[in-house]
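Asker: What follows is entry-v4.txt; its format and atoms are compact mmCIF, C-alpha atoms.
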```txt
# COMPACT_ATOMS: atom_id res chain seq x y z
CA MET Y 1 115.24 103.94 82.81
CA ASN Y 2 113.87 101.83 79.99
CA ALA Y 3 110.10 101.76 80.26
CA LYS Y 4 107.75 99.35 78.56
CA THR Y 5 104.92 101.07 76.78
CA GLU Y 6 102.21 98.45 77.16
CA ALA Y 7 100.71 96.32 79.88
CA PRO Y 8 102.78 93.24 80.80
CA LYS Y 9 101.97 89.88 79.25
CA SER Y 10 102.17 86.34 80.52
CA GLU Y 11 104.14 83.60 78.73
CA ASP Y 12 101.24 82.87 76.38
CA GLY Y 13 101.17 86.49 75.22
CA VAL Y 14 97.95 87.40 77.00
CA HIS Y 15 97.88 90.65 79.00
CA LYS Y 16 98.06 89.92 82.73
CA PRO Y 17 94.95 90.97 84.68
CA GLU Y 18 95.26 93.65 87.35
CA GLY Y 19 93.91 91.31 90.00
CA PRO Y 20 92.43 87.84 90.55
CA PRO Y 21 88.81 87.54 89.37
CA ARG Y 22 86.01 87.05 91.88
CA VAL Y 23 85.01 83.42 92.31
CA PRO Y 24 81.81 82.84 90.27
CA GLY Y 25 78.73 82.61 92.44
CA GLN Y 26 80.33 84.28 95.44
CA ARG Y 27 79.50 87.71 96.80
CA ALA Y 28 81.86 90.58 96.17
CA VAL Y 29 84.91 90.64 98.44
CA ARG Y 30 84.84 93.36 101.08
CA PRO Y 31 87.50 96.00 100.30
CA LYS Y 32 90.41 96.42 102.73
CA ASN Y 33 91.47 99.90 103.87
CA ALA Y 34 94.67 101.07 102.18
CA ALA Y 35 96.58 104.23 101.33
CA THR Y 36 99.21 105.22 98.79
CA VAL Y 37 101.19 108.41 98.38
CA MET Y 38 102.43 110.33 95.36
CA ILE Y 39 105.69 111.96 96.44
CA ILE Y 40 106.57 114.73 94.02
CA ARG Y 41 110.00 116.26 93.39
CA ARG Y 42 110.21 119.79 91.99
CA ASP Y 43 114.00 120.17 91.75
CA ALA Y 44 114.20 119.72 87.97
CA LYS Y 45 112.64 121.36 84.93
CA LYS Y 46 109.64 119.04 85.16
CA PRO Y 47 108.03 117.71 88.36
CA ARG Y 48 108.81 114.04 89.01
CA VAL Y 49 106.88 111.45 90.96
CA LEU Y 50 108.19 108.44 92.88
CA MET Y 51 107.07 105.11 91.39
CA GLY Y 52 108.00 101.48 91.80
CA LYS Y 53 107.46 98.29 89.80
CA ARG Y 54 105.56 95.47 91.49
CA HIS Y 55 106.90 91.93 91.26
CA GLY Y 56 105.44 89.74 88.51
CA GLY Y 57 104.50 87.09 91.06
CA HIS Y 58 101.99 89.31 92.87
CA SER Y 59 98.35 88.32 92.45
CA PHE Y 60 97.30 91.98 92.52
CA MET Y 61 98.64 94.29 89.77
CA PRO Y 62 101.68 92.17 88.79
CA ASP Y 63 104.47 93.96 86.88
CA ARG Y 64 102.62 97.28 87.09
CA TRP Y 65 104.25 100.52 88.17
CA VAL Y 66 102.58 102.04 91.22
CA PHE Y 67 103.04 104.58 94.00
CA PRO Y 68 104.30 103.18 97.32
CA GLY Y 69 101.50 102.20 99.67
CA GLY Y 70 99.50 99.36 101.11
CA ARG Y 71 96.88 98.25 103.59
CA ILE Y 72 96.61 99.35 107.21
CA ASP Y 73 98.57 97.36 109.79
CA PRO Y 74 97.14 97.33 113.35
CA ALA Y 75 100.37 99.04 114.49
CA ASP Y 76 99.51 102.08 112.35
CA TYR Y 77 96.79 103.01 114.84
CA ARG Y 78 99.39 103.34 117.63
CA ALA Y 79 102.49 104.66 115.85
CA PRO Y 80 103.90 107.99 117.13
CA PHE Y 81 104.19 110.96 114.78
CA ALA Y 82 106.05 114.27 114.66
CA THR Y 83 103.25 116.27 113.07
CA ASP Y 84 99.54 115.53 112.75
CA LEU Y 85 97.28 115.80 109.72
CA ARG Y 86 96.29 119.33 108.77
CA PRO Y 87 92.76 120.14 110.02
CA GLU Y 88 91.23 120.15 106.53
CA VAL Y 89 92.78 116.76 105.72
CA GLY Y 90 91.81 115.19 109.02
CA GLY Y 91 88.32 116.63 108.65
CA LEU Y 92 87.93 115.05 105.22
CA PHE Y 93 88.91 111.64 106.57
CA ASP Y 94 86.54 112.03 109.53
CA ARG Y 95 83.66 112.80 107.18
CA TYR Y 96 83.85 109.26 105.76
CA LEU Y 97 85.71 107.11 108.27
CA PRO Y 98 85.58 106.15 111.95
CA ALA Y 99 87.68 108.31 114.27
CA GLY Y 100 91.39 107.56 114.00
CA ARG Y 101 91.27 105.59 110.76
CA GLY Y 102 92.29 108.52 108.57
CA ARG Y 103 95.45 109.08 110.61
CA ALA Y 104 96.16 105.34 110.49
CA LEU Y 105 95.84 105.44 106.70
CA ALA Y 106 98.32 108.30 106.46
CA LEU Y 107 100.71 106.45 108.77
CA ALA Y 108 100.32 103.31 106.66
CA ALA Y 109 101.37 105.32 103.59
CA VAL Y 110 104.46 106.64 105.42
CA ARG Y 111 105.41 103.16 106.64
CA GLU Y 112 104.92 101.53 103.25
CA THR Y 113 107.00 104.25 101.53
CA TRP Y 114 109.86 103.36 103.86
CA GLU Y 115 109.40 99.59 103.49
CA GLU Y 116 108.95 99.62 99.72
CA ALA Y 117 111.14 102.53 98.60
CA GLY Y 118 113.55 103.11 101.48
CA LEU Y 119 112.49 106.75 101.88
CA LEU Y 120 111.22 108.34 105.09
CA LEU Y 121 108.55 111.02 105.10
CA ALA Y 122 109.56 112.08 108.58
CA ARG Y 123 111.04 114.65 110.94
CA PRO Y 124 113.46 114.24 113.85
CA GLY Y 125 111.68 113.13 117.00
CA GLN Y 126 111.68 110.59 119.77
CA GLY Y 127 109.05 107.98 120.48
CA ARG Y 128 108.43 104.34 121.26
CA ALA Y 129 106.92 101.81 118.90
CA ARG Y 130 106.59 98.10 118.31
CA GLY Y 131 106.19 95.86 115.30
CA PRO Y 132 106.86 97.37 111.87
CA TRP Y 133 107.41 100.85 113.34
CA LYS Y 134 110.18 99.88 115.77
CA ASN Y 135 113.10 100.34 113.34
CA PHE Y 136 111.55 103.46 111.80
CA VAL Y 137 111.25 105.22 115.16
CA GLY Y 138 114.61 103.81 116.29
CA GLN Y 139 116.32 106.10 113.78
CA GLY Y 140 115.23 109.15 115.75
CA LEU Y 141 112.52 109.97 113.21
CA LEU Y 142 108.74 110.25 113.43
CA ALA Y 143 106.15 110.43 110.64
CA ASP Y 144 105.43 113.86 109.15
CA LEU Y 145 101.67 113.66 108.55
CA GLU Y 146 101.31 117.43 108.07
CA ALA Y 147 103.06 116.98 104.70
CA MET Y 148 100.13 115.03 103.26
CA ASP Y 149 97.05 116.00 101.31
CA VAL Y 150 94.24 113.87 99.87
CA VAL Y 151 94.04 113.58 96.08
CA ALA Y 152 91.27 111.02 95.65
CA ARG Y 153 89.68 107.81 96.89
CA ALA Y 154 89.04 104.69 94.80
CA ILE Y 155 87.48 101.29 95.50
CA THR Y 156 88.50 98.24 93.46
CA PRO Y 157 85.67 96.95 91.20
CA PRO Y 158 83.53 94.13 92.67
CA ALA Y 159 84.50 91.78 89.82
CA VAL Y 160 88.03 91.56 91.24
CA GLY Y 161 88.69 88.94 93.93
CA LYS Y 162 91.16 91.11 95.87
CA ARG Y 163 89.77 94.56 96.66
CA PHE Y 164 90.98 97.72 98.35
CA ASP Y 165 89.37 100.94 99.47
CA THR Y 166 92.38 103.15 98.73
CA TRP Y 167 92.99 106.77 99.63
CA PHE Y 168 95.46 108.46 97.29
CA LEU Y 169 97.62 111.03 99.05
CA THR Y 170 100.31 113.44 97.90
CA ALA Y 171 103.37 114.96 99.56
CA ASP Y 172 106.30 117.09 98.47
CA ALA Y 173 109.69 115.38 98.33
CA GLU Y 174 111.16 118.27 100.32
CA ARG Y 175 109.44 116.74 103.36
CA LEU Y 176 111.52 113.54 103.08
CA ALA Y 177 114.22 113.10 105.69
CA SER Y 178 116.63 112.41 102.82
CA LEU Y 179 116.53 111.69 99.09
CA ASP Y 180 119.07 108.95 99.67
CA ARG Y 181 117.31 105.62 99.86
CA GLN Y 182 117.79 103.13 102.65
CA ALA Y 183 117.78 99.44 101.83
CA ASP Y 184 114.20 98.53 100.96
CA CYS Y 185 112.30 95.35 101.68
CA GLY Y 186 112.28 94.20 98.08
CA GLU Y 187 108.52 94.44 97.56
CA LEU Y 188 109.12 96.76 94.60
CA GLU Y 189 111.54 95.48 91.95
CA GLU Y 190 112.55 98.91 90.67
CA ILE Y 191 112.27 102.43 92.04
CA ALA Y 192 112.44 105.59 89.92
CA TRP Y 193 111.61 109.28 89.88
CA VAL Y 194 109.79 109.93 86.60
CA ASP Y 195 108.09 112.99 85.15
CA PHE Y 196 104.40 112.67 84.41
CA ASP Y 197 104.85 112.06 80.68
CA GLU Y 198 107.35 109.26 81.42
CA ALA Y 199 104.97 107.84 84.00
CA MET Y 200 102.12 107.65 81.50
CA ALA Y 201 104.33 105.54 79.19
CA LEU Y 202 104.82 102.88 81.87
CA PRO Y 203 102.62 99.78 82.28
CA LEU Y 204 100.23 101.20 84.88
CA PRO Y 205 97.10 99.99 86.66
CA THR Y 206 94.05 101.79 85.34
CA VAL Y 207 93.50 103.67 88.60
CA THR Y 208 97.15 104.77 88.76
CA ARG Y 209 96.90 106.22 85.27
CA MET Y 210 93.80 108.13 86.36
CA MET Y 211 95.59 109.46 89.45
CA ILE Y 212 98.55 110.73 87.44
CA LYS Y 213 96.15 112.66 85.23
CA GLU Y 214 94.43 113.97 88.34
CA ALA Y 215 97.75 115.10 89.84
CA VAL Y 216 98.54 117.06 86.68
CA GLU Y 217 95.13 118.76 86.77
CA ARG Y 218 95.51 119.57 90.47
CA MET Y 219 98.75 121.39 89.73
CA LYS Y 220 96.74 123.66 87.44
CA ASP Y 221 93.79 123.98 89.82
CA PRO Y 222 94.48 122.96 93.46
CA ALA Y 223 90.85 123.71 94.37
CA ARG Y 224 89.33 121.20 91.96
CA PRO Y 225 87.02 118.55 93.53
CA LYS Y 226 88.67 115.38 94.83
CA PRO Y 227 87.35 112.31 92.95
CA PHE Y 228 85.74 109.34 94.66
CA LEU Y 229 85.78 106.40 92.23
CA ARG Y 230 83.53 103.43 92.94
CA TYR Y 231 81.45 100.96 90.97
CA LYS Y 232 77.72 100.39 90.98
CA ASP Y 233 75.50 98.43 88.62
CA ARG Y 234 78.56 97.10 86.73
CA GLY Y 235 79.90 100.54 85.91
CA MET Y 236 81.97 103.28 87.48
CA ARG Y 237 79.98 105.96 89.27
CA PRO Y 238 82.50 108.72 90.04
CA THR Y 239 81.53 111.37 92.55
CA SER Y 240 83.54 113.84 94.66
CA LEU Y 241 84.71 113.70 98.25
```
Step by step, read the file and then write its structure as structure tokens.
Answerer:
Amino acid sequence: MNAKTEAPKSEDGVHKPEGPPRVPGQRAVRPKNAATVMIIRRDAKKPRVLMGKRHGGHSFMPDRWVFPGGRIDPADYRAPFATDLRPEVGGLFDRYLPAGRGRALALAAVRETWEEAGLLLARPGQGRARGPWKNFVGQGLLADLEAMDVVARAITPPAVGKRFDTWFLTADAERLASLDRQADCGELEEIAWVDFDEAMALPLPTVTRMMIKEAVERMKDPARPKPFLRYKDRGMRPTSL
């Protein structure tokens, strides 16, 4: 894979912004709930993480390399699953979110990984579903939520006109139903497994770069605090979950 080493530029040579700016004079946009998952392979000398390149036409993070993920769909609250969140993970979600939203976030990450990368974080199982989950469940597979852990949470700065309250999750690639990709929906232009050094050389959103560094540190110390990145008084005020 040939990776660019700097942020993408528009035709006039100016670096593309990571998102549309907030309209002057208007209040900050309310962040939408979203989740993304770092799926890590450990079957080579160096661990590798699944990443995809966003289309240049997107208004949010165009041409950047990201982890698969996205916002909650209403169907994520009702989708069946093979395994539930581990108690410590579910408990962390429940500490900050209304009941059921943490599970919906994890299910959103599973669904988006399938839609964007053609990979299923799932186990064999039978269930019934509608909407975006119908074809997923129709394969005789249900989401494997037990595979997931929380890495961090980050809220898009208020100066950006499109904001997300994103939970960053991680899962081992061994929990995928298969490493062979199904046809994806085309939301990500390229898909690749890259080691962490290769990932850092890609054009990344600022928060993605921070999460890659965090993933590396968590491999050294799994008990380290989980960051919560948000902005107050025009600056980042990181705390811990």
Asker: Between Y:Phe67, Y:Arg181, Y:Phe164, Y:Thr170, which one has atoms that come closest to Y:Trp114, using only C-alpha atoms?
Answerer: Y:Arg181
Asker: Using all atoms listed in the file, what residues lie at most 10 Å away from (96.8, 100.6, 111.4) (file coordinates), given as a count of residues only?
Answerer: 20
Asker: Which of these residues is nearest to Y:Trp193, using only C-alpha atoms: Y:Leu50, Y:Ala44, Y:Ala143, Y:Ala159?
Answerer: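 Nearest to Y:Trp193: Y:Leu50.
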Asker: So how many Å separate atom CA of Y:Glu190 and atom CA of Y:Ile40, to one decimal?
Answerer: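 Interatomic distance, atom CA of Y:Glu190 to atom CA of Y:Ile40: 17.2 Å.
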Asker: Just the number, please: distance in Å from atom CA of Y:Gly118 to atom CA of Y:Ala183, one decimal.
Answerer: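 Between atom CA of Y:Gly118 and atom CA of Y:Ala183 the gap works out to 5.6 Å.
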Asker: Show me, as a PyMOL selection string, the residues that have an atom within 7 Å of Y:Gly52 when counting only C-alpha atoms, minus same-chain residues fewer than 3 positions from it.
Answerer: chain Y and resi 65-68+188-192
Asker: Looking at Y:Leu176, Y:Val216, Y:Met51, Y:Leu92, which one is nearest to Y:Leu202, with distances taken over only C-alpha atoms?
Answerer: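 Once distances to Y:Leu202 are computed over only C-alpha atoms, the minimum belongs to Y:Met51.
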Asker: Taking all atoms listed in the file into account, which of Y:Val151, Y:Leu141, Y:Met38, Y:Val110 comes nearest Y:Arg123?
Answerer: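 Using all atoms listed in the file, Y:Arg123 sits closest to Y:Leu141.
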Asker: Given only C-alpha atoms as the basis, pick out the residue of Y:Arg128, Y:Arg30, Y:Lys134, Y:Arg42 nearest to Y:Pro157.
Answerer: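 Residue with the minimum atom-to-atom distance to Y:Pro157: Y:Arg30.
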Asker: From the set Y:Met200, Y:Gly131, Y:Glu174, Y:Ala152, which residue has the shortest atom-to-atom contact distance to Y:Lys226, counting all atoms listed in the file?
Answerer: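 Of Y:Met200, Y:Gly131, Y:Glu174, Y:Ala152, the one nearest Y:Lys226, counting all atoms listed in the file, is Y:Ala152.
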Asker: May I ask for the distance between atom CA of Y:Ala171 and atom CA of Y:Arg237, given in Å to one decimal place?
Answerer: 27.1 Å
Asker: Residues proximal to (99.4, 121.0, 91.0) were defined as those with any atom within 12 Å of that point in the file's coordinates, counting all atoms listed in the file. Which are they, as a ChimeraX atom specification?
Answerer: /Y:38,40-42,46-48,149,151,170-172,196,212-224
Asker: Keeping only C-alpha atoms, write the selected residues to a file as an mmCIF file, in the frame of the given file.
Answerer:
```
data_model
loop_
_atom_site.group_PDB
_atom_site.id
_atom_site.type_symbol
_atom_site.label_atom_id
_atom_site.label_comp_id
_atom_site.auth_asym_id
_atom_site.auth_seq_id
_atom_site.Cartn_x
_atom_site.Cartn_y
_atom_site.Cartn_z
ATOM 1 C CA MET Y 38 102.430 110.330 95.360
ATOM 2 C CA ILE Y 40 106.570 114.730 94.020
ATOM 3 C CA ARG Y 41 110.000 116.260 93.390
ATOM 4 C CA ARG Y 42 110.210 119.790 91.990
ATOM 5 C CA LYS Y 46 109.640 119.040 85.160
ATOM 6 C CA PRO Y 47 108.030 117.710 88.360
ATOM 7 C CA ARG Y 48 108.810 114.040 89.010
ATOM 8 C CA ASP Y 149 97.050 116.000 101.310
ATOM 9 C CA VAL Y 151 94.040 113.580 96.080
ATOM 10 C CA THR Y 170 100.310 113.440 97.900
ATOM 11 C CA ALA Y 171 103.370 114.960 99.560
ATOM 12 C CA ASP Y 172 106.300 117.090 98.470
ATOM 13 C CA PHE Y 196 104.400 112.670 84.410
ATOM 14 C CA ILE Y 212 98.550 110.730 87.440
ATOM 15 C CA LYS Y 213 96.150 112.660 85.230
ATOM 16 C CA GLU Y 214 94.430 113.970 88.340
ATOM 17 C CA ALA Y 215 97.750 115.100 89.840
ATOM 18 C CA VAL Y 216 98.540 117.060 86.680
ATOM 19 C CA GLU Y 217 95.130 118.760 86.770
ATOM 20 C CA ARG Y 218 95.510 119.570 90.470
ATOM 21 C CA MET Y 219 98.750 121.390 89.730
ATOM 22 C CA LYS Y 220 96.740 123.660 87.440
ATOM 23 C CA ASP Y 221 93.790 123.980 89.820
ATOM 24 C CA PRO Y 222 94.480 122.960 93.460
ATOM 25 C CA ALA Y 223 90.850 123.710 94.370
ATOM 26 C CA ARG Y 224 89.330 121.200 91.960
#
```
